[in-house]
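One structure is given below, encoded as structure tokens.
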There are 2 protein chains.
Amino acid sequence: MPDRPMKPVTRLRNWLPVLPTLPILDWGSRYNRETLTNDLLAALIVTVMLIPQGLAYAMLAGLPPEVGLYASVAPLIFYAVFGTSRVLAVGPVAVVSLMTAAAIGQHAAAGSPQYWAFAITLAFMSGLILMLMGLMRLGFLANFLSHPVISGFISASGLLIATSQLKTLMGVKAEGHSFLELVIALVEQAPNTHLLTLTMGVTATAFLFWVRKRLKPLLLRRGLGDKAADVIAKAGPVGAIAATTLLTWGLGWDTQGVKIVGSVPQGLPPLTLPVWDLVLWKDLAVPALLISVVGFVESVSVGQTLAAKRRQRIEPDQELVALGASNLSAALTGGFPVTGGFARSVVNFEAGAQTPAAGVYTAVGITLASLFLTPALYYLPQAVLAATIIVAVLSLIDLKIFRQTWEFSKTDFIALTTTLLATLLKGVETGLVTGVALSLALFLFRASRPHIAAVGLVPGTEYFRNVLRHQVLVSPKLVCLRIDASLFFANSRGVEDRINAEVASHPGLEHVLLQFSAINDVDASALESLEAVASRLKESGIALHFSEIKGPVMDKLKTTQLLRHLHGQVFLTNYQAIQTLTPEIIQ
Amino acid sequence: MPDRPMKPVTRLRNWLPVLPTLPILDWGSRYNRETLTNDLLAALIVTVMLIPQGLAYAMLAGLPPEVGLYASVAPLIFYAVFGTSRVLAVGPVAVVSLMTAAAIGQHAAAGSPQYWAFAITLAFMSGLILMLMGLMRLGFLANFLSHPVISGFISASGLLIATSQLKTLMGVKAEGHSFLELVIALVEQAPNTHLLTLTMGVTATAFLFWVRKRLKPLLLRRGLGDKAADVIAKAGPVGAIAATTLLTWGLGWDTQGVKIVGSVPQGLPPLTLPVWDLVLWKDLAVPALLISVVGFVESVSVGQTLAAKRRQRIEPDQELVALGASNLSAALTGGFPVTGGFARSVVNFEAGAQTPAAGVYTAVGITLASLFLTPALYYLPQAVLAATIIVAVLSLIDLKIFRQTWEFSKTDFIALTTTLLATLLKGVETGLVTGVALSLALFLFRASRPHIAAVGLVPGTEYFRNVLRHQVLVSPKLVCLRIDASLFFANSRGVEDRINAEVASHPGLEHVLLQFSAINDVDASALESLEAVASRLKESGIALHFSEIKGPVMDKLKTTQLLRHLHGQVFLTNYQAIQTLTPEIIQ
């Protein structure tokens with residue numbers, strides 16, 4: 001008969017701010033040639049994937065393309081030092097880039113030096129917020145972003161991003177603050193569509209979709225090894241970029257009106273500082289907070305999923321510190337807000353990355369690219385970058401979640417659709433805030449209504465069950481209520497109401513028995529309610545009894561007057577209470 | 001063996017807005033001579049008590065004294081029609097008057113016609129808010145005003161009110177927006193104290209304290225009947241007012257600098273309308289909401305306490321409608337915000353009021369007073385009214401609650417003291433909002449940390465208990481977690497974290513068993529978490545099992561993929577799960 005010693009499994013949290021740990025000291029000390037090989041291979045694949053993504057997401061954020069490369073160097077190194085996920089690939093991601101554009105677009109013209117400076121400031125603020133949240137152990141705040149709110153927000157963002165790229169695909173100029181404005185602007189601009197750009201863009205989009213869905217199975221059928229097929233499929237976007245760049249250069253499409261990336265400065269990421277302007281900081285505070293929380297949630301959910309596959313775990317508060325350091329480093333090296341990207345991290349994981357060193361090697365790869373590769377990007381058509389974004393973000397739009405959520409919970413469905421519509425119609429910030437406020441309101445509403453069951457004795461047993469669901473033994477002299485929630489200010493008046501209703505509807509009542517088996521805590525408001533109930537029942541000659549009070553709750557209640565002045569008893573079990581108070585129903 | 005038929009005890013709430021009911025039709029149809037006699041006597045006592053209170057609270061609110069009488073007529077009649085409490089005495093109360101002064105003081109000079117018009121507008125807005133809250137069944141919102149927040153707020157308000165009356169007691173002018181400013185102004189004005197006023201004020205205060213604490217026992221010892229002693233003791237303030245008014249008139253104290261009430265217009269309450277000014281309405285929206293909620297909470301708690309003493313009950317949402325109608329009627333008849341007063345309702349109850357008709361008779365009494373009695377109030381010294389306020393509000397200050405709350409719960413103590421200090425230092429509105437925000441934040445914080453116990457089998461039984469508290473049987477192959485809360489977005493990630501931690505710390509783990517006995521609901525976020533947990537465990541070769549899932553939760557989970565793709569089983573009881581999965585520990 002094995003008996004495990006009593007040891008505290010529960011993590012004892014230290015409520016004070018803590019110093020960040022350095023996970024690098026752990027995995028770094030056990031680094032060897034095998035992990036090196038695995039990490040190098042994964043880094044190569046991620047680098048190839050990250051170059052076009054970095055360029056494209058920078059442009060989505062309204063920034064020069066090279067900023068996407070700058071944001072893919074220092075943040076990866078800092079994440080490797082502080083991060084607890086072994087495989088998270090940090091860098092520019094679609095949704096955060098869209099949020100950056102929305103935040104900065106109100107304060108500066110896209111493409112201007114001021115715009116870039118503001119994006120750097122936003123990364124700095126987001127880094128500070130993440131770092132502080134981590135040091136103060138506020139990671140739990142992200143829990144208040146419910147799944148329907150995230151789903152609605154991400155789907156709407158995907159739709160917004162895809163739509164925003166259509167103008168580049170069509171070769172026209174169109175601006176709009178909301179989805180509707182954007183669609184109207186696109187429709188108005190449709191007659192000005194540049195056909196060569198559109199043809200190339202649509203072809204590139206179709207090709208990338210085909211690569212994503214069909215290429216790997218095809219290669220496998222042709223007898224290629226799984227690994228080789230995978231690498232070739234992953235390199236698809238790079239192939240599209242190389243081909244269209246060569247075509248544009250060879251056929252002089254840029255002189256025929258196809259917009260190209262143009263000259264991208266060669267060199268290491270610059271050293272930069274945020275703009276120290278209090279008014280600007282105040283304006284950017286809410287966007288920076290939202291970007292931080294969204295980035296954190298995206299990062300932690302992919303990190304947790306991948307860690308669990310290898311029976312590892314990540315530490316959310318330390319992740320906040322790591323993402324904070326990444327964003328601060330992004331701000332100091334000319335970058336913009338970054339976080340752990342979903343697709344890229346999965347690729348890193350599947351390519352066999354063993355440690356965060358893979359991130360460092362990726363950073364080296366991106367550095368080499370920004371030193372030597374940028375001249376080759378001159379003739380890269382912007383429409384092809386738009387195509388890579390469209391293909392990437394359409395996977396964010398999850399239509400099946402709507403039907404599933406509708407079937408599962410109408411409340412959640414309301415939160416989901418409200419967030420989606422608010423994001424589409426009013427923009428990312430309003431959408432997200434609306435969703436969070438709505439889900440908190442719905443939560444508080446439900447929390448204020450405790451589940452209370454009147455229970456009776458199951459014949460022949462010592463078990464008690466809900467009188468509404470089971471044939472049970474009850475007495476007209478006694479009502480036994482099982483309260484299925486800890487008692488606190490928002491629900492304690494509901495308990496009072498229920499007891500008042502029971503008393504008013506049972507004229508012959510002599511005993512009220514409260515079964516405390518599901519109550520883990522009682523706060524001062526609930527104590528006040530219980531005392532009010534006790535004294536009211538006493539006034540009307542009804543005894544109030546308690547049963548199955550848990551140890552910690554009992555310790556707390558012992559400091560009060562409630563039990564001392566009780567016109568009734570405290571029973572260890574409900575059955576004992578019934579044996580004492582209404583033995584006649586047991587026979 | 002009595003077996004009650006299964007009938008729905010739970011009140012089935014109708015979520016749509018509802019038409020207000022008319023409780024008057026119920027009690028009115030059974031009205032007879034006995035209830036009439038009881039109600040008339042109670043009305044007489046309450047009228048005598050309400051006249052000085054009405055005058056005093058109007059002056060506390062910065063309004064002419066007659067406004068206090070106007071606010072004590074129509075609201076009582078409308079409450080009688082719509083209210084569900086049989087004995088609640090509606091009218092001006094101290095805390096709401098203080099809040100009115102704080103709200104209007106920022107927009108108009110006290111005593112000006114504009115100030116009065118704004119107070120009328122505030123009553124109108126508060127009436128609208130209460131009425132809407134009632135029709136939309138939002139009474140539960142008041143539950144979010146936790147007991148420590150109310151205690152801290154009421155104690156601080158009592159202290160603020162008493163301090164604000166000291167200037168009248170001293171016969172000086174002193175203004176201050178916060179407690180500290182007020183105290184400083186009083187100290188600065190101390191040399192200007194009018195000695196005659198101070199002597200009379202202090203004497204009146206001492207006399208009223210003596211009446212309150214000592215007079216009734218003394219009269220009883222002298223052989224008076226309980227009822228007679230009670231009436232005489234209740235008339236104490238009226239005696240003090242009559243005596244000092246006569247003295248001031250006879251000795252011409254008003255010519256020696258004692259401030260008197262002066263001419264109070266004779267006549268019926270005027271017909272008035274609120275100021276239709278959108279900017280003003282926007283400014284007054286938050287104060288009106290706070291006044292509504294505070295008034296509602298005060299009213300409902302006294303109403304509930306008194307109703308329970310006679311085995312009656314009140315309907316909170318209908319109370320909102322009734323208080324809304326009262327405040328709207330106050331606004332239309334020259335009054336200011338009103339609510340059910342604690343002391344006055346207790347007096348009404350103890351004097352034997354049987355129905356809300358007592359309120360109507362009180363309204364008639366106040367009307368007669370405002371028609372014929374006001375000339376007699378000319379020489380009433382303001383310092384005596386201040387004395388009645390001080391004596392009334394000092395009972396609001398509850399010092400023992402601080403020690404009790406400290407012993408009971410540190411979290412609640414923080415909420416209590418923060419609300420108290422914020423109210424004293426930053427005023428009533430900031431204080432209340434700070435308290436509510438803090439208690440909600442603390443609540444959300446706790447709600448995001450579900451109580452999860454690893455449980456094991458109690459030897460020789462089929463019961464499971466916490467491994468940390470009991471010597472129980474466990475297997476290294478299996479971890480059984482009992483989750484003591486419904487699963488929803490804010491706590492579901494905590495469950496994920498805990499399961500990840502258990503898996504990471506038990507290398508030989510083969511089974512995770514989740515005991516769902518305390519789970520009443522699972523939302524979409526929690527479902528997502530469970531699916532993530534299930535698929536992560538599957539990836540690492542660990543089976544996930546469930547036990548003791550409640551009926552409604554099971555119905556909901558059946559619509560999802562979770563159970564269909566489960567790498568594990570669903571057991572009816574935990575014991576069955578252990579019998580199947582680790583029979584070796586049972587032997």
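Please note that chains go A, B, ... in the order of the structure tokens, that every chain numbers its residues from 1, and that ligands are numbered from 1 in the order shown.
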| query | chain B residues within 7 Å of chain A, counting only C-alpha atoms: which ones, as a ChimeraX atom specification? | reply | /B:1-4,6-8,140,143-144,146-148,305,308-313,405,407-409,412,448,467-468,472-475,485,489-491,493,500,504,518,523-525,536,539-540,556,559,585
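Across range 348-472 of chain B, DSSP run on the backbone finds strand (DSSP E) at B:Ile452, B:Ala453, B:Ala454, B:Val455, B:Gly456, B:Leu457, B:Phe464, B:Arg465, B:Asn466.
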Pull C-alpha atoms from the residues just selected and write them as a PDB file, in the first residue's frame.
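Contents of the output file result.pdb:
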ATOM      1  CA  ILE B 452      -7.604  22.664  -6.799  1.00  0.00           C
ATOM      2  CA  ALA B 453      -6.842  19.803  -4.437  1.00  0.00           C
ATOM      3  CA  ALA B 454      -4.876  16.683  -5.284  1.00  0.00           C
ATOM      4  CA  VAL B 455      -6.933  13.985  -3.592  1.00  0.00           C
ATOM      5  CA  GLY B 456      -6.337  10.389  -2.528  1.00  0.00           C
ATOM      6  CA  LEU B 457      -8.468   7.550  -1.230  1.00  0.00           C
ATOM      7  CA  PHE B 464     -11.350  11.017  -1.337  1.00  0.00           C
ATOM      8  CA  ARG B 465      -9.557  13.737   0.572  1.00  0.00           C
ATOM      9  CA  ASN B 466      -6.816  16.316   0.000  1.00  0.00           C
TER      10      ASN B 466
END
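In this structure, CA of Tyr378 in chain A sits 26.2 Å away from CA of Leu332 in chain A.
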| Contacts of Val211 in chain B at 8 Å (only C-alpha atoms; same-chain gap of 5+ positions) as a ChimeraX atom specification | /B:216,233,236
Residues just named, written with N, CA and C atoms as a CSV table (one decimal), in the first residue's frame:
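The result, written out as result.csv:
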chain,number,residue,atom,x,y,z
B,216,LYS,N,-34.9,56.9,28.0
B,216,LYS,CA,-35.9,55.9,28.0
B,216,LYS,C,-35.8,55.0,29.3
B,233,ALA,N,-39.2,59.6,24.6
B,233,ALA,CA,-37.8,59.6,24.2
B,233,ALA,C,-37.6,60.0,22.7
B,236,GLY,N,-37.7,63.7,22.0
B,236,GLY,CA,-36.6,64.5,22.5
B,236,GLY,C,-36.1,65.6,21.6
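Excluding Gly431 in chain B itself and same-chain residues fewer than 5 positions from it, the residues having an atom within 6 Å of it are B:Thr419, B:Ala422, B:Thr423, counting only C-alpha atoms.
Nearest to Phe342 in chain B of all the residues B:Gly239, B:Ala94, B:Leu271, B:Leu219 is B:Ala94, counting only C-alpha atoms.
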| Please, which residues of range 56-115 of chain B, numbered as in this document, come out alpha helix (DSSP H) from DSSP, as a PyMOL selection string? | chain B and resi 56-60+65-70+74-82+94-105+113-115
| field | Contacts of range 356-368 of chain A within 10 Å, only C-alpha atoms, excl. fewer than 4 positions in-chain, as an MDAnalysis selection string | value | chainID A and resid 23:24 27:28 31 35:48 50:51 54 68:91 266:269 348 352 372:374
| message | I want to know what sits within 10 Å of Ile542 in chain B, based on only C-alpha atoms, with residues of the same chain fewer than 5 positions away left out; could you give that as a PyMOL selection string? | response | chain B and resi 477-478+503+508-512+534-537+567-568
Any chance you could export the current selection's C-alpha atoms as a short mmCIF file (atom, residue, chain, number, x, y, z; two decimals), in the first residue's frame?
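selection_6.cif was written with the following content:
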data_model
loop_
_atom_site.label_atom_id
_atom_site.label_comp_id
_atom_site.auth_asym_id
_atom_site.auth_seq_id
_atom_site.Cartn_x
_atom_site.Cartn_y
_atom_site.Cartn_z
CA LYS B 477 0.84 6.37 -11.84
CA LEU B 478 -2.19 8.59 -11.22
CA VAL B 503 2.78 16.23 -15.16
CA GLY B 508 5.97 8.06 -14.02
CA LEU B 509 2.53 9.51 -14.56
CA GLU B 510 0.08 7.53 -16.71
CA HIS B 511 -3.33 8.92 -15.72
CA VAL B 512 -4.72 12.32 -14.83
CA ALA B 534 -6.39 16.54 -23.32
CA SER B 535 -4.36 16.83 -26.51
CA ARG B 536 -1.13 17.71 -24.66
CA LEU B 537 -1.55 14.75 -22.33
CA HIS B 567 -7.71 9.38 -24.58
CA GLY B 568 -9.29 8.20 -21.33
#
| Quick one: residues within 8 Å of Ala174 in chain A, only C-alpha atoms counted, chain neighbours fewer than 2 positions away excluded, as a VMD selection string? | chain A and resid 167 172 176 182 185 to 186 189
For the selection just defined, write its residues with N, CA and C atoms to a file, as a PDB file, in the first residue's frame.
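After the write, selection.pdb holds the following:
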ATOM      1  N   LYS A 167      -5.371  46.327 -51.312  1.00  0.00           N
ATOM      2  CA  LYS A 167      -4.978  47.536 -52.076  1.00  0.00           C
ATOM      3  C   LYS A 167      -3.606  47.341 -52.718  1.00  0.00           C
ATOM      4  N   VAL A 172      -3.420  49.873 -55.888  1.00  0.00           N
ATOM      5  CA  VAL A 172      -4.103  51.169 -55.726  1.00  0.00           C
ATOM      6  C   VAL A 172      -3.815  51.704 -54.323  1.00  0.00           C
ATOM      7  N   GLY A 176      -8.654  53.418 -44.748  1.00  0.00           N
ATOM      8  CA  GLY A 176      -9.912  53.365 -44.007  1.00  0.00           C
ATOM      9  C   GLY A 176      -9.625  52.961 -42.578  1.00  0.00           C
ATOM     10  N   LEU A 182     -12.728  50.678 -45.345  1.00  0.00           N
ATOM     11  CA  LEU A 182     -11.701  50.078 -46.187  1.00  0.00           C
ATOM     12  C   LEU A 182     -12.337  49.421 -47.418  1.00  0.00           C
ATOM     13  N   ALA A 185     -13.538  52.076 -49.774  1.00  0.00           N
ATOM     14  CA  ALA A 185     -12.411  52.688 -50.483  1.00  0.00           C
ATOM     15  C   ALA A 185     -11.900  51.759 -51.585  1.00  0.00           C
ATOM     16  N   LEU A 186     -11.854  50.449 -51.282  1.00  0.00           N
ATOM     17  CA  LEU A 186     -11.370  49.487 -52.280  1.00  0.00           C
ATOM     18  C   LEU A 186     -12.309  49.426 -53.479  1.00  0.00           C
ATOM     19  N   GLN A 189     -11.842  52.356 -55.604  1.00  0.00           N
ATOM     20  CA  GLN A 189     -10.572  52.347 -56.318  1.00  0.00           C
ATOM     21  C   GLN A 189     -10.490  51.242 -57.375  1.00  0.00           C
TER      22      GLN A 189
END
| request: Take CA of Thr21 in chain A and CA of Gln318 in chain A and report the distance between them in Å, one decimal. | output: 7.3 Å
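The nearest approach to Arg33 in chain A among the residues A:Ala228, A:Leu320, A:Gln354, A:Leu180, with only C-alpha atoms taken into account, belongs to A:Gln354.
As for CA of Ala123 in chain B and CA of Leu25 in chain B, they are spaced 26.8 Å apart.
Of the residues under consideration (B:Phe207, B:Phe153, B:Phe179, B:Phe336), B:Phe336 shows the shortest atom-to-atom contact distance to Met125 in chain B when counting only C-alpha atoms.
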